[in-house]
Every structure is written in structure tokens, then in C-alpha cells.
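**Q** Please read through the structure below; I'll follow up with questions.
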Amino acid sequence: MSGPGEPRGARAFVIGLPFGWLLVFALLPLLVVLAISLAEVRVGSPPYTPLFVWGEGLLPRFNTTGSNYELLFSDSLYIGAFLSSIRIAATASFITLLIAYPMAYAIARAGENVRTPLLMLVVLPFWTSFLIRVYAWTGILNSNGLINNALLNLGLISEPLPLLHSEFAVHLGIVYSYLPFMVLPIYAVLEKFDWTVLEAAADLGAKPLRAFFRVTLPLSLPGIFSGVLLVFIPALGEFIVPELLGGPDTLMVGRVLWTEFFSNRDWPLAAALAIGLLVLILIPALAMFRLTHREERA
Amino acid sequence: MMSTFETAFEPIIRIENVTKRFGGVTAVDAVNLEIARGEFFCLLGGSGSGKTTLLRMLAGLDLPDEGRIVIDGEDMTATPAYRRPVNMMFQSYALFPHLTVEKNVAFGLQEEKRSKAEIETRVREALDMLEMGKFAARKPHQLSGGQRQRVAFARALVKHPKILLLDEPLAALDKKLRERAQFELVGLRERVGITFIMVTHDQEEAMSMASRIALMNHGKIVQTGSPRELYEAPASRFVADFFGAANLFAGRVAATDGDKVSVESAAAGGVLRGVAAARFKAGEPAAVMVRPEQVRLTREAPQADNAVHGKITNLVFLGSHHVCQVKLGSDKTMLAKLSPAELAAAGSFAQGDAVYLSWPVSAARVLPE
């Protein structure tokens, strides 16, 4: 339905622009990745077999194979990488939530004139490159880094703790890097929160902790969902953190993908890994989408 | 303190010398008040008068800086809200948006760790009493303003509190609904028999609902009494002004005769006589107050103790009555409120007519300046 005096072309343009953008910069690359994942590796440039061959007759002959996906589901290396990615992303998201929620809560309840400075402090680390910030942690966690030296000098330990290149360091790196992504959506919900409902809860006999679990927490679930999603999804495919802080045994999909792509030059397998990761991400994203929509309708 | 409960006044609430400050502002200033069991008590005042702060201190949502609050014989000055035998109906209703009507009402009983069966029956009873039974499964945002008000009411009442606190309970309703809700609230209070304490800025609302009113201004209680007492015998110009329209004549006391006081007023162009609750001395400044509905309108000079002469500047028909503006010789404008019958009896009047306004001594109040 186009309004009067509103040329249809302008409407189509306004609506079409973001669609065009998504088509060119999201859907097309995705199709290319999908196509590569169905090809076979070969030595040459590009390092994979073409998707279809123009042979005799009018129609091209498709030249696809599912062998890359077969490998993904049969080789314990890839299954293990996926599983440990999910595990690490999940626990790291949970830890992030435990730290971010009190932060967001405190900022939302702080005086109006200190809220903005506090939010600035949360976002401030983003002014430095992600890579450099993660790299800085190696200096802190090293066997002769900040923490170990301090503990050694204090006489609390006699030999350096193996902090770096461990799963602990990977968790720490993810929690540190993605904390703002958890704080901000939770803050956005709490900032609009009608605190008189907490007074109502107290008036009805709920002690502060009970009131929190019965009222505040359920009402901040939308923020928690968004936050967990915003941390869980990038953590799932995280490459820099496990590469810099993880040990050789810390298998994560992002890292395996990188190795397949750059070290082994197996583009099809790397592409298949990428598609697998995408499907893995789609599951929580869709679940979240349905959940929020149900909330809205209810 | 004037009171209609002189016999068997059994206070359920005693507020002793309570003061509350926010930053440098004294919201409630050394207030003393007793509220009897079973009263429908109203804290009335403009915005910033401290009425809501006083109510919140009764609920335990704010704690007093000084003074004591005794509820049903127990000192509850520092008792947290969740341990007080009072419940509050919030102005915004503060319903839990994530819970259904039923769960909203059940919330307080669940906190009391009541049995499932008991909770179910009591919630059902409360909702049925307010005719909200068929909305039990709805969420607050699916309800109209009036329905939300009922849920808030049910949620507070279901706990069987000793005292129900109502913070501007009708403010969020539209005019028509508000009038119906007024009667409903009064009727409900009589049925459940507990003490109601209501905060409002609307004097009509207070007068139509409350058994007693405390009028507040700048954190202090200005006058306490029944709606009639406050309306007919205001203790000050502030009270007289707050309760409906009042004609006020400033002047000086000419003579006193018991509780009858004569006031020489330039605005009235002579001496006016009225009843005084306070003692006055001759020469003291005072004001005479007369309500517009006590004023009679005549063409000829009446035989009355109080009469003034003027010209009608405006005659407005308001359905149930006429409001007549009369400009006196002193340039002061007086209001007279006449029923259609009174107007018919006095003959027809029109704008510009010269008229006499008169009223009996008993209808005039002499107030301190």
C-alpha cells in the first residue's frame, strides 16, 4: 500500500537498499562458501575443483561431493573441535553473565550523572585493538609475567603457575573480551526497569533476595538472552583467543578452520567447517528469536 | 485535634513526631497523627506536601529520620516493608508485568508460605469479589486501566492486611470510571472492615470517600477532621481555600461576642459577622469566609446580618447549579452558587443587574489572617 504523493519508486528504493546490501554482502559470499564446501581439494588456483563443468549439451554437469561433510562427522578431530567449542563458549558465556549482571545492575541503579561515565569505562577498552588487548594477557599470564612474578616475590608459590596456554586462559580471554557485549544489553533492560515493582514485592512480603529472583531476574531475561547470544556466538568461532592464550590441546573450531584454510590449503574442508559452525550458531539464534517473539505475544 | 471518634478512639496507627528529609528538603516535618481502627482516613495535600512520603513511611518503603511509627501497638519505625502488616496499592499499580493476574494476586501469599489450596481459594475469592475472576489468566498489559486497578487492589487485599495504604488509587482512571471506583472503594472498605489510608490531591475525592481527613502543607498537618469539619469550619485561610470555592474578606476585628465576631472589612464595605473557632481581640487582622452556596441573591435590600451590594458580571449555568459572579463596590468579585429552584424563587437575573448578596452569621467563618 503506497501512500498518496509517495512515488512507488522511492519506496522500493528505501526498502530495496538494505535487501540489496544483504544480498551482495551476506548471501552471495555465503553461497560461495557453500559452493566451495561441496567441491574437492586440488593443487592449483583456485585450490578446489569447479562446481559445475560445461560439457556437451546445453546444461552444465554438476560436480559436487559431500565428502567434506562426511569427514566432519566421522573424524574425531572435527567433532571434538565442535564439542569443545560449544563447551568453552557455554561456560565462558555463563561466567561472563555472572560478572556482567551485577555490573549492569549497579550501573542501572547508580545516579543518573554517573551512569554515562560508568558505561564509558565499560566500552573504553574497545578503543584499543582486540588483538593487542588479548596479546597483552600473554604478558600478564606468562610464567615470568605479572601474576607469576608477583606471587613468586610474595613467596606464595615456589615455581610459576602454568597460567598461559591453558583452557583457563581461554576462558579468561573470552570473558574479558566479550564482557561489554553482556553488560550493555542487560543494562538496557534494567535501565528501563520500573523499580516500583520491587517496592511492591517488598510490600507483599518478599525479602530483597527473593524479590530479585521472583521479579528482577525474570524481567531482565530479554537482556540476558541477548547478552548470552552476543557472547556465545562469537566465542563459538573465536580464533584469536585460543590461538594466543590456549594450549596446543585447546581445540576450537575457529582454530581448526584456520589451520585447514591457511596451513593445509584445504579450502573445501575449511568451508565445510564454516558451514557447520554457521548451523551451530543458527540453533541458539533461532531459539532466541522464537523465545523473544513468544514473550512479545504473551 | 478535632475528631468524630471521641468515644472509643482506638488508634491502629500512632505517628509520633515523625520527620523525613531528602537532601536538604524536609518532606515531612514533625508530624503527629493517630488513625483509628476501621477508619477510611485520607492524607490530602498538594504536590510536595509530604503526604506520599508519610504514606511510604507507614509502608516501610521510606524510613523516618526522627520520630516513631507505632502500628497496632508495635513500634515499627525501623521494620522493613516485607515484615509490616500493611499493604500498599501503588499509584502506578506496580503490577508484575511478567505474571498473570492470578499469579500477581498470589505473590504475597506465596511469600507467606501458605498452602497451595489456601492460596488458590483466597486468590479466587479476592478476584471474584472484584469481578476479575474471568481475567485470571491475563497479563497486566492485556487489561484496561480500571481492570489493572482492581488487580492491584486484590493483590493488596488478599493478604488480609491490618491496614491498606492507597497512593492516589484513582488518579490513573478516567473521570467516569473514577466516580464509580470511589463508591466501590468505600463499599469494599465497609465489607472487609480494615483500616484504609488514602493519599490524594483531590479534595472532592477525599471528601466523598474519607471518614477523616488530614490536610497537609509543606510537610506539616494543617488540620485534621471530618470532611464536614474541614469544609464548614476551616481553621485557616489555607484550609478554606483548599476545600472548594470560598469568598474571603480581609479586615480587622471590630467586636467580639462569645464565638460571634464582627469584622470591619473594606472589601465588603462595612462590618461582617461570623463564627470563630479561635479567640480574637478587637483590632486584630482576620478574614471572613463564606461558601458560595451559602449566599442568597435578592434585588431588594434583605433583612440580614451580612449583606453586600454589587453588579452581576457573569452568570454561568453548570447543569446542576448556576454560578454567579458579582462585582462589589470595592471591586472585589464574589461568587454565589444557586440551584435552579433558588434562582427561580429570586426572580430572573441577568448580567449587569444590581443585586444584594446576603448570608446568615452561622454560615460565615472568621479565620485568623
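We label chains A, B, ... in the order they appear in the C-alpha cells, count residues from 1 in each chain, and number ligands from 1 in the order shown.
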DSSP says alpha helix (DSSP H) for which residues of range 33-73 of chain A? Put them as a ChimeraX atom specification?

**A** /A:33-37,67-73

**Q** Mind checking which residues fall within 7 Å of range 11-22 of chain B, counting only C-alpha atoms, ignoring those fewer than 2 positions away in the same chain, and posting them as a list in words?

**A**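 The contact residues come out as Phe9, Gly24, Val25, Thr26, Ala27, Val28, Asp29, Ala30, Val31, Asn32, Leu33, Glu34, Ile35, Ala36, Arg37, Pro64, Asp65, Glu66, Gly67, Arg68, Ile69, Val70, Ile71 and Asp72 of chain B.
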
**Q** Could those residues be written to a file, using C-alpha atoms, as a JSON list (two decimals), in the first residue's frame?

**A**
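Produced file again_36.json, reproduced below:
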[["chain", "number", "residue", "atom", "x", "y", "z"],
["B", 9, "PHE", "CA", -10.94, 6.08, 69.76],
["B", 24, "GLY", "CA", 18.21, 19.48, 52.28],
["B", 25, "VAL", "CA", 14.44, 19.26, 51.85],
["B", 26, "THR", "CA", 12.22, 18.40, 54.79],
["B", 27, "ALA", "CA", 9.46, 16.34, 53.21],
["B", 28, "VAL", "CA", 7.67, 15.51, 56.45],
["B", 29, "ASP", "CA", 8.13, 17.86, 59.37],
["B", 30, "ALA", "CA", 7.48, 16.63, 62.92],
["B", 31, "VAL", "CA", 4.10, 15.12, 62.17],
["B", 32, "ASN", "CA", 1.88, 13.71, 64.91],
["B", 33, "LEU", "CA", -1.16, 11.71, 63.92],
["B", 34, "GLU", "CA", -3.41, 8.98, 65.24],
["B", 35, "ILE", "CA", -5.59, 6.90, 63.00],
["B", 36, "ALA", "CA", -8.38, 4.79, 64.44],
["B", 37, "ARG", "CA", -9.10, 1.17, 63.63],
["B", 64, "PRO", "CA", 11.81, 8.26, 59.15],
["B", 65, "ASP", "CA", 14.83, 10.31, 60.20],
["B", 66, "GLU", "CA", 13.18, 11.16, 63.51],
["B", 67, "GLY", "CA", 10.14, 10.07, 65.44],
["B", 68, "ARG", "CA", 8.25, 6.85, 65.92],
["B", 69, "ILE", "CA", 5.65, 4.89, 64.00],
["B", 70, "VAL", "CA", 3.53, 2.51, 66.03],
["B", 71, "ILE", "CA", 1.30, 0.09, 64.15],
["B", 72, "ASP", "CA", -1.27, -1.83, 66.17]]

**Q** Counting only C-alpha atoms, which residues of chain B come no farther than 6 Å from chain A, as a ChimeraX atom specification?

**A** /B:81-82,87,94,108,111

**Q** Those selected residues, please, written with N, CA and C atoms and delivered as a CSV table (one decimal), in the first residue's frame.

**A**
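Okay, again39.csv is ready:
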chain,number,residue,atom,x,y,z
B,81,ALA,N,9.8,-3.1,55.0
B,81,ALA,CA,8.4,-3.2,54.4
B,81,ALA,C,7.9,-4.7,54.4
B,82,TYR,N,8.8,-5.6,54.2
B,82,TYR,CA,8.3,-7.0,54.0
B,82,TYR,C,7.9,-7.7,55.3
B,87,ASN,N,-0.4,-3.3,53.6
B,87,ASN,CA,-0.1,-3.5,52.2
B,87,ASN,C,-0.5,-2.2,51.5
B,94,ALA,N,2.0,-0.9,39.9
B,94,ALA,CA,3.2,-1.7,40.1
B,94,ALA,C,2.9,-3.2,40.0
B,108,GLY,N,1.9,-12.4,47.1
B,108,GLY,CA,2.1,-12.1,48.6
B,108,GLY,C,1.8,-13.3,49.4
B,111,GLU,N,4.7,-15.7,49.4
B,111,GLU,CA,5.8,-15.2,50.3
B,111,GLU,C,5.5,-15.6,51.7

**Q** Let me make sure I understand: among B:Phe40, B:Met334, B:Asp174, B:Pro360, which one has the smallest atom-to-atom distance to Val192 in chain B if we use only C-alpha atoms?

**A**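 Checking each of B:Phe40, B:Met334, B:Asp174, B:Pro360 against Val192 in chain B, counting only C-alpha atoms, the winner is B:Phe40.
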
**Q** Could you list, as a ChimeraX atom specification, every residue within 8 Å of range 229-243 of chain A, counting only C-alpha atoms and ignoring same-chain residues fewer than 2 positions away?

**A** /A:85-86,88-90,92-93,131,134,170,173-174,178-179,181-182,225-227,245-247,250-255,258,277,281,284-285,288

**Q** If you run DSSP over the backbone, which residues in range 45-140 of chain A end up strand (DSSP E)? Put them as a ChimeraX atom specification.

**A** /A:52-53,61-62

**Q** Skip Glu232 in chain B itself and residues of its chain fewer than 5 positions away, then list as a VMD selection string all residues within 9 Å of it, counting only C-alpha atoms.

**A** chain B and resid 227 240 291 363 to 365
